[in-house]
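**Q** I'd like to ask some things about the structure below.
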Amino acid sequence: MRILMLAQSCTPIGVGQRGHVRNLSIGLARRGNDVAVATTGQPGSKTGQTEDGVTSERQQARPTISVIICAYTEDRWELMLQSVASVQEQTLQPCEIIVCIDHNETLFHRCAAYWADFAASTPPIRVIQNKYDGHLGSARNTAAETAAGDILAFLDDDAAADKDWLGILTDPYQDERIGAVGGRPIPVFKAGRPAWFPVQFDWVFGCAYDGLPTIRGPLAHLIGANMSVRRTLLEQVGGFHSDHHDDMDMCHRVTHLRGSEAVIYEPAATVRHFVPASRPTWKYFWRRCFFVNKGKVEAFSQMGDAATLSSEARFVWYALTKGVPREILQAAKGDAHALARSAAIVVGVGLAAAGHVAGRIDLVRRLRRRRQQATRQILDTAAQGGRRGK
């Protein structure tokens with residue numbers, strides 16, 4: 001694997017060798033109090049004073065930040081270039097940018113060649129490959145194991161960050177109680193937003209949706225296209241345990257470990273998330289509503305005590321009690337598409353519920369099969385022991 005060298009401003013750490021969804025407690029080293037002092041005037045920086053009027057050294061200090069962008073297809077090449085460029089142009093610079101390629105040799109070599117001369121740039125850019133069998137969650141684990149920053153900020157390869165994104169996103173970390181912070185991905189539609197599509201369901205595009213907080217505050221489930229976490233805390237929760245629900249899984253585990261106030265949503269930290277013409281369609285809508293919620297059941301089953309449906313329950317309550325009445329009111333005011341949006345909300349909630357039920361049924365069947373296989377193995381072992389005794 002070709003890994004471009006880190007600039008001296010970041011110190012690389014050890015990389016583990018085995019595993020699918022990696023336990024980072026082996027691959028990651030604790031950083032202690034290794035921090036970098038923020039330049040005066042950078043967005044989000046705070047200079048506090050003690051009662052004696054002396055500036056607090058802890059408040060001046062900022063943790064180092066690694067930005068991680070995972071990619072898997074050449075179809076997003078131009079979007080990925082824009083994504084990386086938007087990080088290079090941040091008013092608060094990260095100590096490195098890591099581009100992790102997910103099982104695509106052609107794309108890996110293309111990226112490695114394109115950014116070959118950026119290993120010593122500011123910030124340096126490193127191109128690596130996902131070394132595990134999984135996909136997005138595993139690619140993020142691979143990058144996290146090699147990252148040097150105290151904070152890991154994740155940006156999708158089809159999202160471009162506003163210039164003050166990183167400063168605003170990481171500002172809450174000056175409070176040591178904060179473990180993870182997410183921002184607001186704003187959809188950028190290639191073919192325009194369909195008039196029938198309700199804003200409550202922009203989550204199907206990986207974007208912020210109606211019902212999220214409008215000011216900084218706790219949130220149970222950050223959006224993976226625009227989120228961050230303390231590296232040592234990601235280590236403590238064992239990294240990303242899910243490939244398709246990695247953001248949800250990580251947030252639930254952090255909340256379980258540190259409390260609900262440790263996971264923060266900061267809507268002022270914005271990125272522009274591209275939405276291709278193939279996604280704002282009925283087919284994409286119903287499939288995402290059904291299959292995302294079906295897949296969540298398996299993810300929840302692996303979380304143990306960290307699992308909770310409170311976020312999903314709040315979404316359903318808000319969509320049905322706020323979203324639907326609002327659209328009906330808009331229809332009364334003459335909006336020709338408002339009734340279609342209200343119907344889409346109801347159908348979307350119903351599809352999500354159906355997906356959850358289907359996921360529960362599949363989970364019960366899998367557990368039953370495992371128990372049956374375990375029982376057969378026990379009986380076979382006992383039978384073989386009986387034959388040997390004769």
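Naming scheme: A, B, ... for chains in displayed order of the structure tokens; residues 1 onward per chain; ligands 1 onward as shown.
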Could you pull the residues within 10 Å of range 284-298 of chain A, counting only C-alpha atoms, minus those fewer than 5 positions along the same chain, as number ranges by chain?
**A** A: 197, 201-205, 242, 244-245, 248-249, 278-279, 303, 307, 309, 312, 344, 347-363
**Q** When you look at Tyr318 in chain A with a cut-off of 10 Å (counting only C-alpha atoms), what residues show up, excluding the ones that are within fewer than 5 positions of it in the same chain? I need them as a ChimeraX atom specification.
**A** /A:200,210-212,312-313,323-324
**Q** Quick one: contact table of range 165-185 of chain A to range 216-230 of chain A, 7 Å max, nearest atom pair and distance in Å to one decimal per residue, counting only C-alpha atoms, chain and number order, as a tab-separated table?
**A**
```
residue	atom	partner	partner_atom	distance
A:Gly179	CA	A:Arg230	CA	5.7
A:Ala180	CA	A:Val229	CA	4.1
A:Val181	CA	A:Ser228	CA	5.2
A:Gly182	CA	A:Met227	CA	3.9
A:Gly183	CA	A:Asn226	CA	5.3
A:Arg184	CA	A:Asn226	CA	6.7
A:Pro185	CA	A:Asn226	CA	6.3
```
**Q** Pick out each residue of range 152-346 of chain A that DSSP on the backbone tags as helix (DSSP H, G or I); I need them as JSON, numbers by chain.
**A** {"A": [165, 166, 167, 168, 169, 170, 171, 172, 173, 174, 199, 200, 201, 202, 203, 204, 205, 231, 232, 233, 234, 235, 236, 246, 247, 248, 249, 250, 251, 252, 253, 254, 255, 256, 257, 258, 260, 261, 262, 282, 283, 284, 285, 286, 287, 288, 289, 290, 291, 292, 293, 294, 295, 296, 297, 298, 299, 300, 301, 304, 305, 306, 310, 311, 312, 313, 314, 315, 316, 317, 318, 319, 320, 321, 322, 323, 324, 325, 326, 327, 328, 329, 330, 331, 332, 338, 339, 340, 341, 342, 343, 344, 345, 346]}
**Q** Tell me, in Å to one decimal, how far CA of Tyr265 in chain A is from CA of Thr170 in chain A.
**A**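 So the answer is 11.0 Å.
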**Q** Between A:Val316, A:Val254, A:Val271, A:Ala116, which residue has the minimum interatomic distance to Arg231 in chain A, considering only C-alpha atoms?
**A**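 Selected residue with least distance to Arg231 in chain A: A:Val254.
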**Q** Distance CA of Trp165 in chain A-CA of Val127 in chain A, one decimal place?
**A** 22.2 Å
**Q** Name the residues in contact with Gln82 in chain A at a cut-off of 10 Å, using only C-alpha atoms, excluding same-chain residues fewer than 4 positions from it; report them as an NGL selection string.
**A** :A and (76-78 or 86-88 or 157-161)
**Q** Between CA of Arg110 in chain A and CA of Cys70 in chain A, what distance in Å does the model show, to one decimal?
**A** 14.3 Å
**Q** Of the residues A:Val237, A:Ala208, A:Ala119, A:Val263, which is the one nearest to Glu176 in chain A, using only C-alpha atoms?
**A** A:Val263
**Q** Might you pull out every residue within 10 Å of range 132-140 of chain A, with only C-alpha atoms counted and same-chain residues fewer than 4 positions away left off, and present them as a PyMOL selection string?
**A** chain A and resi 17-22+68-72+98-103+128+144-145+152+154+239-247+249-250
**Q** Using the selection just defined, write its residues with N, CA, C and O atoms as a compact mmCIF listing (two decimals), in the first residue's frame.
**A**
```
# COMPACT_ATOMS: atom_id res chain seq x y z
N GLN A 17 -3.40 -4.63 12.16
CA GLN A 17 -3.26 -5.47 10.99
C GLN A 17 -4.48 -6.31 10.66
O GLN A 17 -4.63 -6.75 9.54
N ARG A 18 -5.36 -6.56 11.62
CA ARG A 18 -6.42 -7.50 11.36
C ARG A 18 -7.77 -6.92 11.76
O ARG A 18 -7.87 -5.96 12.47
N GLY A 19 -8.82 -7.58 11.27
CA GLY A 19 -10.16 -7.22 11.71
C GLY A 19 -11.01 -6.70 10.58
O GLY A 19 -10.52 -6.29 9.54
N HIS A 20 -12.33 -6.72 10.77
CA HIS A 20 -13.26 -6.21 9.77
C HIS A 20 -13.75 -4.84 10.19
O HIS A 20 -13.39 -3.83 9.63
N VAL A 21 -14.54 -4.78 11.24
CA VAL A 21 -14.87 -3.49 11.83
C VAL A 21 -13.99 -3.38 13.06
O VAL A 21 -14.22 -4.00 14.07
N ARG A 22 -12.94 -2.56 12.96
CA ARG A 22 -11.76 -2.59 13.80
C ARG A 22 -12.00 -2.05 15.20
O ARG A 22 -12.63 -1.02 15.36
N ILE A 68 -11.01 13.56 7.44
CA ILE A 68 -11.04 12.28 6.75
C ILE A 68 -12.15 12.29 5.70
O ILE A 68 -13.31 12.60 6.00
N ILE A 69 -11.77 11.97 4.47
CA ILE A 69 -12.71 11.89 3.36
C ILE A 69 -12.59 10.49 2.74
O ILE A 69 -11.51 10.11 2.29
N CYS A 70 -13.67 9.73 2.76
CA CYS A 70 -13.66 8.39 2.18
C CYS A 70 -14.35 8.41 0.82
O CYS A 70 -15.34 9.11 0.62
N ALA A 71 -13.82 7.64 -0.12
CA ALA A 71 -14.36 7.60 -1.48
C ALA A 71 -14.30 6.18 -2.01
O ALA A 71 -13.43 5.40 -1.61
N TYR A 72 -15.20 5.87 -2.94
CA TYR A 72 -15.23 4.51 -3.48
C TYR A 72 -15.42 4.44 -5.00
O TYR A 72 -15.25 3.38 -5.60
N ILE A 98 -6.86 13.22 5.13
CA ILE A 98 -6.68 11.82 4.77
C ILE A 98 -7.78 11.43 3.79
O ILE A 98 -8.97 11.56 4.10
N VAL A 99 -7.39 10.98 2.60
CA VAL A 99 -8.33 10.46 1.61
C VAL A 99 -8.21 8.94 1.64
O VAL A 99 -7.16 8.40 1.28
N CYS A 100 -9.26 8.27 2.07
CA CYS A 100 -9.24 6.81 2.19
C CYS A 100 -10.11 6.21 1.09
O CYS A 100 -11.32 6.49 1.02
N ILE A 101 -9.51 5.39 0.25
CA ILE A 101 -10.20 4.80 -0.89
C ILE A 101 -10.71 3.41 -0.52
O ILE A 101 -9.96 2.57 -0.05
N ASP A 102 -11.99 3.20 -0.79
CA ASP A 102 -12.66 1.96 -0.39
C ASP A 102 -12.69 0.96 -1.54
O ASP A 102 -13.57 1.02 -2.41
N HIS A 103 -11.71 0.05 -1.56
CA HIS A 103 -11.70 -1.11 -2.48
C HIS A 103 -11.89 -0.71 -3.94
O HIS A 103 -12.75 -1.24 -4.65
N ILE A 128 -4.71 6.77 1.27
CA ILE A 128 -4.54 5.41 1.76
C ILE A 128 -5.70 4.54 1.26
O ILE A 128 -6.66 5.04 0.68
N ALA A 144 -8.93 6.39 10.69
CA ALA A 144 -8.79 6.79 12.09
C ALA A 144 -7.55 6.19 12.72
O ALA A 144 -6.89 6.82 13.56
N GLU A 145 -7.19 4.97 12.33
CA GLU A 145 -6.02 4.31 12.89
C GLU A 145 -4.71 4.99 12.49
O GLU A 145 -3.72 4.91 13.21
N LEU A 152 -11.10 13.97 14.97
CA LEU A 152 -11.29 13.41 13.63
C LEU A 152 -12.56 14.01 13.05
O LEU A 152 -13.65 13.81 13.60
N PHE A 154 -15.10 14.18 9.79
CA PHE A 154 -15.46 13.36 8.63
C PHE A 154 -16.30 14.19 7.67
O PHE A 154 -17.30 14.80 8.06
N GLY A 239 -14.24 2.08 17.95
CA GLY A 239 -14.30 2.47 16.54
C GLY A 239 -15.71 2.37 15.99
O GLY A 239 -16.70 2.31 16.73
N PHE A 240 -15.81 2.36 14.68
CA PHE A 240 -17.10 2.21 14.01
C PHE A 240 -17.43 0.73 13.91
O PHE A 240 -16.66 -0.05 13.35
N HIS A 241 -18.59 0.33 14.41
CA HIS A 241 -18.97 -1.08 14.43
C HIS A 241 -19.89 -1.44 13.27
O HIS A 241 -20.21 -2.61 13.09
N SER A 242 -20.34 -0.47 12.50
CA SER A 242 -21.30 -0.72 11.43
C SER A 242 -20.81 -0.06 10.15
O SER A 242 -20.24 1.04 10.18
N ASP A 243 -21.02 -0.71 9.02
CA ASP A 243 -20.63 -0.13 7.74
C ASP A 243 -21.67 0.82 7.19
O ASP A 243 -21.33 1.82 6.55
N HIS A 244 -22.94 0.51 7.40
CA HIS A 244 -24.00 1.30 6.80
C HIS A 244 -24.69 2.25 7.79
O HIS A 244 -25.41 3.15 7.38
N HIS A 245 -24.45 2.05 9.07
CA HIS A 245 -25.04 2.91 10.10
C HIS A 245 -23.94 3.35 11.07
O HIS A 245 -24.16 3.43 12.28
N ASP A 246 -22.77 3.62 10.52
CA ASP A 246 -21.60 3.92 11.35
C ASP A 246 -21.77 5.19 12.16
O ASP A 246 -21.35 5.26 13.32
N ASP A 247 -22.41 6.22 11.58
CA ASP A 247 -22.61 7.47 12.32
C ASP A 247 -23.56 7.27 13.50
O ASP A 247 -23.29 7.71 14.62
N ASP A 249 -24.30 4.42 15.02
CA ASP A 249 -23.67 3.51 15.98
C ASP A 249 -22.68 4.25 16.88
O ASP A 249 -22.70 4.11 18.10
N MET A 250 -21.84 5.08 16.26
CA MET A 250 -20.84 5.82 17.03
C MET A 250 -21.51 6.79 18.01
O MET A 250 -21.11 6.87 19.17
```
